[in-house]
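The file final.cif contains mmCIF, C-alpha atoms:
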data_final
#
loop_
_atom_site.label_atom_id
_atom_site.label_comp_id
_atom_site.auth_asym_id
_atom_site.auth_seq_id
_atom_site.Cartn_x
_atom_site.Cartn_y
_atom_site.Cartn_z
CA MET A 25 203.24 185.84 171.79
CA LYS A 26 201.32 188.40 169.73
CA ALA A 27 197.69 189.40 169.46
CA TRP A 28 195.91 192.25 167.74
CA LEU A 29 193.72 194.84 169.37
CA GLY A 30 191.76 197.43 167.40
CA LEU A 31 190.96 200.95 168.52
CA ALA A 32 189.80 203.08 165.64
CA LEU A 33 189.57 206.82 165.49
CA ALA A 34 188.50 208.00 162.07
CA VAL A 35 190.72 210.89 161.10
CA SER A 36 188.47 213.18 159.12
CA ILE A 37 190.95 213.76 156.44
CA LEU A 38 191.48 210.86 157.56
CA CYS A 39 165.68 187.96 186.26
CA THR A 40 166.13 187.85 189.43
CA ALA A 41 165.17 184.48 191.03
CA SER A 42 163.71 184.47 194.52
CA ALA A 43 165.35 182.48 197.31
CA GLN A 44 162.37 180.14 197.36
CA SER A 45 162.88 179.19 193.73
CA ALA A 46 166.57 178.31 194.04
CA SER A 47 167.21 175.06 192.15
CA CYS A 48 169.18 172.15 193.45
CA ALA A 49 172.11 170.57 191.63
CA THR A 50 171.92 167.20 189.89
CA ASP A 51 173.53 165.56 192.92
CA GLU A 52 171.21 167.28 195.42
CA TYR A 53 167.56 167.12 196.41
CA PHE A 54 165.29 169.66 198.02
CA ASN A 55 165.03 168.93 201.74
CA ASN A 56 161.66 170.04 203.04
CA THR A 57 162.86 169.81 206.62
CA THR A 58 165.70 172.29 206.19
CA ASN A 59 164.02 174.11 203.29
CA ALA A 60 167.32 173.88 201.39
CA CYS A 61 169.20 171.63 198.99
CA SER A 62 170.84 168.58 200.56
CA CYS A 63 173.33 166.18 199.00
CA ASN A 64 172.10 162.92 197.52
CA LEU A 65 174.94 160.89 198.99
CA THR A 66 173.77 157.68 197.33
CA MET A 67 175.35 159.03 194.14
CA TYR A 68 178.81 158.85 195.76
CA THR A 69 180.23 155.41 196.47
CA SER A 70 183.52 156.22 198.20
CA ALA A 71 183.82 157.90 201.58
CA ASP A 72 187.63 157.71 201.55
CA LEU A 73 188.50 160.06 198.69
CA SER A 74 190.85 162.89 199.57
CA PRO A 75 189.68 166.32 198.38
CA SER A 76 191.03 167.15 194.92
CA PRO A 77 190.28 170.78 194.05
CA THR A 78 190.57 172.03 190.49
CA VAL A 79 192.64 175.21 190.17
CA GLN A 80 191.91 177.84 187.53
CA CYS A 81 194.43 180.60 186.87
CA LEU A 82 192.35 183.36 185.32
CA SER A 83 192.89 186.96 184.37
CA GLY A 84 193.39 188.70 187.71
CA GLN A 85 191.95 185.81 189.69
CA MET A 86 192.74 182.38 191.13
CA LYS A 87 189.80 180.05 191.61
CA LEU A 88 189.47 176.59 193.19
CA LYS A 89 186.52 174.24 192.69
CA VAL A 90 185.70 171.04 194.56
CA SER A 91 182.62 168.79 194.74
CA ARG A 92 180.43 169.76 197.67
CA CYS A 93 178.73 166.37 197.97
CA GLN A 94 181.92 164.33 197.67
CA LEU A 95 183.35 166.39 200.52
CA GLU A 96 180.24 165.69 202.57
CA LYS A 97 180.40 161.98 201.71
CA SER A 98 184.06 161.93 202.80
CA LYS A 99 183.14 163.76 206.03
CA TYR A 100 184.79 167.10 205.34
CA ASP A 101 183.31 170.42 206.40
CA TRP A 102 182.86 172.14 203.04
CA ALA A 103 181.08 175.14 204.56
CA ASN A 104 184.24 176.20 206.43
CA MET A 105 186.82 175.81 203.68
CA HIS A 106 189.13 178.81 203.65
CA LEU A 107 192.40 180.23 202.36
CA LEU A 108 195.30 181.49 204.48
CA ASP A 109 193.06 184.40 205.43
CA PRO A 110 190.18 182.56 207.20
CA SER A 111 187.69 185.18 206.01
CA CYS A 112 188.21 183.99 202.40
CA MET A 113 185.80 181.06 202.43
CA GLY A 114 184.10 178.85 199.89
CA VAL A 115 180.64 179.38 198.46
CA ARG A 116 178.26 176.79 197.02
CA VAL A 117 177.79 177.10 193.26
CA VAL A 118 175.56 174.99 191.02
CA HIS A 119 177.19 174.02 187.77
CA GLY A 120 175.41 170.80 186.95
CA THR A 121 176.59 169.26 190.21
CA ALA A 122 177.07 171.23 193.42
CA LEU A 123 180.51 172.78 193.75
CA VAL A 124 182.27 174.75 196.44
CA VAL A 125 184.26 177.62 194.93
CA VAL A 126 186.97 179.64 196.64
CA SER A 127 188.51 182.57 194.78
CA THR A 128 191.01 185.35 195.31
CA SER A 129 192.36 188.09 193.10
CA THR A 130 195.99 187.99 192.00
CA SER A 131 197.01 190.58 194.55
CA SER A 132 199.63 190.35 197.26
CA HIS A 133 197.18 191.99 199.68
CA GLU A 134 194.27 189.57 199.43
CA CYS A 135 193.46 186.33 201.22
CA GLY A 136 197.03 185.82 202.44
CA ASN A 137 198.48 185.43 198.94
CA ARG A 138 202.23 185.00 198.69
CA VAL A 139 204.11 186.46 195.71
CA SER A 140 207.46 185.45 194.26
CA ILE A 141 209.16 186.51 191.03
CA ASN A 142 211.95 185.05 188.92
CA ASN A 143 213.39 186.33 185.65
CA THR A 144 210.43 185.23 183.53
CA HIS A 145 207.34 184.69 185.71
CA VAL A 146 205.48 185.88 188.76
CA PHE A 147 203.96 183.26 191.06
CA TYR A 148 200.95 183.75 193.34
CA SER A 149 200.48 181.01 195.93
CA ASN A 150 198.12 180.26 198.80
CA ASN A 151 196.82 177.35 200.87
CA LEU A 152 193.31 175.97 200.92
CA THR A 153 192.28 174.39 204.22
CA ILE A 154 189.38 171.90 204.28
CA PRO A 155 188.43 171.03 207.88
CA GLY A 156 187.26 167.62 208.97
CA GLU A 157 183.56 167.43 209.71
CA VAL A 158 182.43 167.66 213.32
CA SER A 159 179.61 165.17 214.00
CA SER A 160 176.52 165.88 216.07
CA LEU A 161 178.32 164.07 218.92
CA GLY A 162 181.26 166.45 218.66
CA LEU A 163 183.55 163.85 217.07
CA ILE A 164 186.00 164.48 214.22
CA ALA A 165 186.76 161.50 212.00
CA LYS A 166 189.03 163.23 209.47
CA ASN A 167 192.08 165.44 209.85
CA ASN A 168 192.09 168.85 208.22
CA VAL A 169 193.45 168.84 204.68
CA THR A 170 195.73 171.66 203.50
CA TYR A 171 196.07 172.02 199.76
CA ALA A 172 198.91 174.24 198.50
CA PHE A 173 198.34 175.81 195.08
CA SER A 174 199.85 178.49 192.87
CA CYS A 175 199.37 180.28 189.58
CA SER A 176 202.19 181.56 187.40
CA TYR A 177 201.98 184.43 184.93
CA PRO A 178 204.64 185.49 182.43
CA LEU A 179 206.43 188.63 183.43
CA ASN A 180 206.69 190.04 179.92
CA ILE A 181 203.82 189.70 177.46
CA PRO A 182 204.55 191.34 174.11
CA VAL A 183 201.37 192.17 172.22
CA SER A 184 200.64 194.14 169.07
CA LEU A 185 197.76 196.55 169.55
CA ALA A 186 196.40 197.37 166.11
CA THR A 187 194.64 200.69 166.51
CA THR A 188 192.54 201.97 163.66
CA LEU A 189 192.04 205.67 164.21
CA ASN A 190 186.27 204.59 164.27
CA VAL A 191 186.07 202.59 167.48
CA THR A 192 186.72 204.43 170.73
CA MET A 193 187.57 201.55 173.00
CA SER A 194 188.81 198.05 172.35
CA GLY A 195 190.08 195.14 174.39
CA ILE A 196 191.66 191.77 173.80
CA ASP A 197 192.54 188.73 175.87
CA ILE A 198 196.21 187.78 175.71
CA PRO A 199 196.42 183.99 176.29
CA LEU A 200 198.85 182.84 178.95
CA PRO A 201 201.18 179.85 178.47
CA GLY A 202 199.60 176.45 179.05
CA GLY A 203 196.08 177.72 178.45
CA VAL A 204 195.65 178.65 182.12
CA GLY A 205 194.03 182.00 181.54
CA ALA A 206 194.42 185.35 179.90
CA VAL A 207 195.23 188.95 180.66
CA MET A 208 192.88 191.60 179.29
CA VAL A 209 194.42 194.63 177.60
CA PHE A 210 192.41 197.74 176.78
CA MET A 211 193.17 200.75 174.63
CA ILE A 212 190.91 203.79 175.05
CA ALA A 213 190.95 207.17 173.35
CA TYR A 214 189.93 210.19 175.42
CA THR A 215 188.98 213.73 174.52
CA ASP A 216 190.56 215.37 177.58
CA SER A 217 193.81 215.49 179.49
CA THR A 218 192.19 214.05 182.63
CA PHE A 219 191.41 210.81 180.77
CA THR A 220 187.81 210.85 181.97
CA VAL A 221 185.79 211.55 178.79
CA PRO A 222 186.25 208.78 176.20
CA TYR A 223 185.45 209.33 172.56
CA THR A 224 182.07 208.01 171.44
CA ASP A 225 180.49 207.67 168.03
CA ALA A 226 178.73 210.98 168.69
CA THR A 227 181.98 212.81 169.47
CA MET A 228 184.12 211.11 166.86
CA ASP A 229 185.26 214.07 164.75
CA ILE A 230 189.03 214.02 164.65
CA ASN A 231 191.20 216.11 162.36
CA VAL A 232 194.88 216.43 161.61
CA GLN A 233 196.66 218.37 164.40
CA ASP A 234 193.98 217.47 166.96
CA THR A 235 195.28 216.20 170.30
CA LEU A 236 194.42 212.63 171.16
CA TYR A 237 194.75 211.19 174.66
CA VAL A 238 195.37 207.45 174.56
CA ALA A 239 195.48 205.03 177.47
CA VAL A 240 196.70 201.42 177.33
CA SER A 241 195.79 199.46 180.45
CA MET A 242 195.75 196.00 182.00
CA PRO A 243 193.26 196.60 184.84
CA ASP A 244 193.44 193.03 186.18
CA LEU A 245 197.12 193.30 187.08
CA ASP A 246 198.24 193.61 190.67
CA ALA A 247 199.26 197.27 190.73
CA THR A 248 201.63 196.66 193.64
CA THR A 249 203.66 194.22 191.55
CA PHE A 250 203.27 195.11 187.88
CA SER A 251 203.33 197.98 185.45
CA VAL A 252 202.33 198.33 181.81
CA LEU A 253 205.09 199.40 179.45
CA VAL A 254 204.53 200.44 175.83
CA THR A 255 207.90 199.75 174.22
CA ARG A 256 207.00 200.70 170.66
CA LEU A 257 204.29 202.84 169.06
CA TYR A 258 204.17 203.23 165.29
CA ALA A 259 201.78 204.09 162.46
CA THR A 260 200.86 202.45 159.16
CA GLY A 261 198.31 203.18 156.47
CA THR A 262 196.60 199.78 156.85
CA SER A 263 195.54 197.51 159.71
CA ASP A 264 198.44 195.16 159.05
CA PRO A 265 201.07 195.80 161.75
CA ASN A 266 203.73 194.48 159.37
CA ALA A 267 202.79 196.83 156.54
CA ASN A 268 205.35 199.07 154.90
CA PRO A 269 206.08 201.84 155.20
CA SER A 270 205.72 202.26 158.95
CA TYR A 271 206.42 205.38 161.01
CA ASP A 272 207.86 205.10 164.51
CA ILE A 273 206.49 207.31 167.28
CA ILE A 274 208.00 205.40 170.21
CA THR A 275 210.99 203.09 169.95
CA ASN A 276 212.52 201.24 172.88
CA LYS A 277 210.00 202.97 175.19
CA CYS A 278 211.18 206.48 174.24
CA PRO A 279 209.97 209.06 171.69
CA SER A 280 211.51 208.24 168.32
CA ALA A 281 213.69 210.53 166.28
CA GLN A 282 211.23 210.11 163.41
CA LEU A 283 207.89 211.30 164.87
CA GLY A 284 208.64 211.65 168.56
CA ASP A 285 207.84 215.35 168.50
CA LEU A 286 204.16 214.46 167.93
CA LEU A 287 204.06 212.56 171.22
CA THR A 288 204.16 213.37 174.91
CA ILE A 289 204.64 210.42 177.24
CA LEU A 290 202.59 211.13 180.36
CA VAL A 291 202.87 207.76 182.13
CA ASN A 292 204.63 204.64 180.86
CA GLY A 293 205.94 201.73 182.87
CA GLU A 294 204.86 203.17 186.22
CA THR A 295 201.33 201.83 186.78
CA VAL A 296 198.93 199.34 185.21
CA GLU A 297 197.96 202.05 182.71
CA ALA A 298 200.20 203.85 180.22
CA ARG A 299 199.09 207.30 179.01
CA PHE A 300 200.09 209.35 176.01
CA LYS A 301 199.23 212.63 174.33
CA VAL A 302 199.46 212.30 170.54
CA GLN A 303 199.03 214.92 167.83
CA VAL A 304 196.90 213.40 165.06
CA PHE A 305 198.55 213.23 161.66
CA GLN A 306 197.79 211.72 158.26
CA ILE A 307 199.92 209.50 156.06
CA SER A 308 199.99 210.97 152.58
CA GLY A 309 197.73 209.10 150.17
CA MET A 310 195.98 207.18 152.96
CA VAL A 311 192.41 207.66 154.19
CA ASN A 312 192.89 206.02 157.59
CA LEU A 313 195.66 206.06 160.14
CA TYR A 314 196.48 202.90 162.05
CA LEU A 315 198.53 202.99 165.23
CA HIS A 316 200.25 199.87 166.55
CA ALA A 317 201.81 199.38 169.95
CA GLU A 318 204.02 196.70 171.47
CA VAL A 319 203.20 196.29 175.13
CA GLU A 320 204.84 194.45 178.00
CA MET A 321 203.77 193.56 181.50
CA CYS A 322 206.71 194.03 183.82
CA THR A 323 207.81 194.78 187.34
CA SER A 324 208.73 198.32 188.30
CA ASN A 325 212.50 197.91 188.00
CA PRO A 326 212.80 196.99 184.29
CA CYS A 327 210.05 199.47 183.49
CA ASN A 328 211.85 202.46 184.92
CA GLN A 329 214.26 203.12 182.08
CA ALA A 330 215.05 206.77 181.49
CA CYS A 331 214.79 208.15 177.96
CA PRO A 332 218.01 209.96 177.01
CA GLY A 333 217.61 213.71 177.19
CA SER A 334 213.83 213.59 177.63
CA GLY A 335 213.34 213.22 181.36
CA GLN A 336 211.14 210.19 180.74
#
As structure tokens, what does this structure read like?
Amino acid sequence: MKAWLGLALAVSILCTASAQSASCATDEYFNNTTNACSCNLTMYTSADLSPSPTVQCLSGQMKLKVSRCQLEKSKYDWANMHLLDPSCMGVRVVHGTALVVVSTSTSSHECGNRVSINNTHVFYSNNLTIPGEVSSLGLIAKNNVTYAFSCSYPLNIPVSLATTLNVTMSGIDIPLPGGVGAVMVFMIAYTDSTFTVPYTDATMDINVQDTLYVAVSMPDLDATTFSVLVTRLYATGTSDPNANPSYDIITNKCPSAQLGDLLTILVNGETVEARFKVQVFQISGMVNLYLHAEVEMCTSNPCNQACPGSGQ
């Protein structure tokens, strides 16, 4: 699965609504007694429907949505829905109708998430508990419902990052299989070795032999589980990553024999951000320099491959 991300560095030779105005959903009405939105239960005909949350597997987040008013009609306590960690509860959201939304980041340390990994995917799983409603008489007519859910993400996501040396930062969503979400990848060029001062249009004055600090990151990844690995970095004279000729800077994660002496690998395959120091060069006869990178998301073990004779 490939996508293209542009980061260009021109080489010189080269209203806030008040609480009182909160609107009710299409299946709610404003209750003057409680001064809040209440469900219009006449819109729901069945009181016997089991809760059926919709799961969204997003970039760095899992989200569940369920109808607030259907839960109320079916005598479930929507206000106390929670994940394995009881502090991770649902919140009412208006999106046409009234929904209850519960979300958690894709992290092994949040909301009781469980993590498992096979050869191709990582799986985050959790349980959503929807309690039965307690009546004003203290009676419970429905058992609690526990809904097990999970999101899977591919372990390795190859992507081509097309980097034109005039824009200082660029990002792209890499779609995940099945259309269940995307992972955002960023490439940023910095002026300093601390990677704190990014290039801007005002500071964009880059010449051959200048030092460029480049970071490639996937900030939504769970840093305790994943790392970002740039397996190949190469240059062309056009934005087409398949253009010829091309000049390798990194091959198979390590500095290439061709142009590897222009590169210092600072961090690669160890965290959710890879960092490089690159000496700017120009391709003869070309006005612009385009860098391209192939990037993978991986666990720490396959990422930690030593480069022969380089200490990387």
Margin query: I need the output of the PyMOL selection byres ((chain A and resi 97-100) around 7) for this file as a ChimeraX atom specification; which residues are they?
Written below: /A:65,68,71-73,93-96,101-102,154-157,166
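If you count all atoms listed in the file and ignore residues fewer than 4 places along the chain from A:Ile273, what sits within 8 Å of it is Arg256, Leu257, Tyr258, Ala259, Pro279, Ser280, Ala281, Gln282, Leu283, Gly284, Leu286 and Leu287 of chain A.
Note that the spacing between atom CA of A:Met86 and atom CA of A:Val124 amounts to 14.0 Å.
Distance annotation: of A:Met211, A:Cys135, A:Val296, A:Leu290, the residue with the minimal separation from A:Val252 is A:Val296; atom set is all atoms listed in the file.
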Margin query: Which residues would end up in the selection if the PyMOL selection byres ((chain A and resi 244) around 9) were applied here, given that I need the answer as a ChimeraX atom specification?
Written below: /A:83-85,129-130,207-209,241-243,245-247,296
Given the selection you just returned, output its residues as a file containing C-alpha atoms, formatted as a short mmCIF file (atom, residue, chain, number, x, y, z; two decimals), in the frame of the given file.
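What landed in again.cif:
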data_model
loop_
_atom_site.label_atom_id
_atom_site.label_comp_id
_atom_site.auth_asym_id
_atom_site.auth_seq_id
_atom_site.Cartn_x
_atom_site.Cartn_y
_atom_site.Cartn_z
CA SER A 83 192.89 186.96 184.37
CA GLY A 84 193.39 188.70 187.71
CA GLN A 85 191.95 185.81 189.69
CA SER A 129 192.36 188.09 193.10
CA THR A 130 195.99 187.99 192.00
CA VAL A 207 195.23 188.95 180.66
CA MET A 208 192.88 191.60 179.29
CA VAL A 209 194.42 194.63 177.60
CA SER A 241 195.79 199.46 180.45
CA MET A 242 195.75 196.00 182.00
CA PRO A 243 193.26 196.60 184.84
CA LEU A 245 197.12 193.30 187.08
CA ASP A 246 198.24 193.61 190.67
CA ALA A 247 199.26 197.27 190.73
CA VAL A 296 198.93 199.34 185.21
#
Specify the axis-aligned box that encloses all atoms of stretch 150-162 of chain A listed in the file after padding of 6 Å on each side, stating its centre and edge lengths in Å to one decimal as JSON.
{"center_x": 187.3, "center_y": 172.2, "center_z": 208.9, "size_x": 33.6, "size_y": 28.2, "size_z": 32.1}
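If you look at atom CA of A:Ile274 and atom CA of A:Tyr214, they are 19.4 Å away from each other.
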Note to self: Applying 7 Å and all atoms listed in the file, which residues near A:Val238 remain after dropping the ones on its own chain fewer than 3 positions away? List them as a PyMOL selection string.
What the structure shows: chain A and resi 212-214+299-301
Item checked: Who sits within 12 Å of A:Ala267, all atoms listed in the file, same chain under 4 positions skipped, as number ranges by chain -> A: 186, 258-263, 271, 314-316
Checklist line | Radius query 8 Å about (196.4, 209.1, 160.2), atoms used: all atoms listed in the file, as a PyMOL selection string | finding: chain A and resi 35+38+189+232+259+261+304-307+310-314
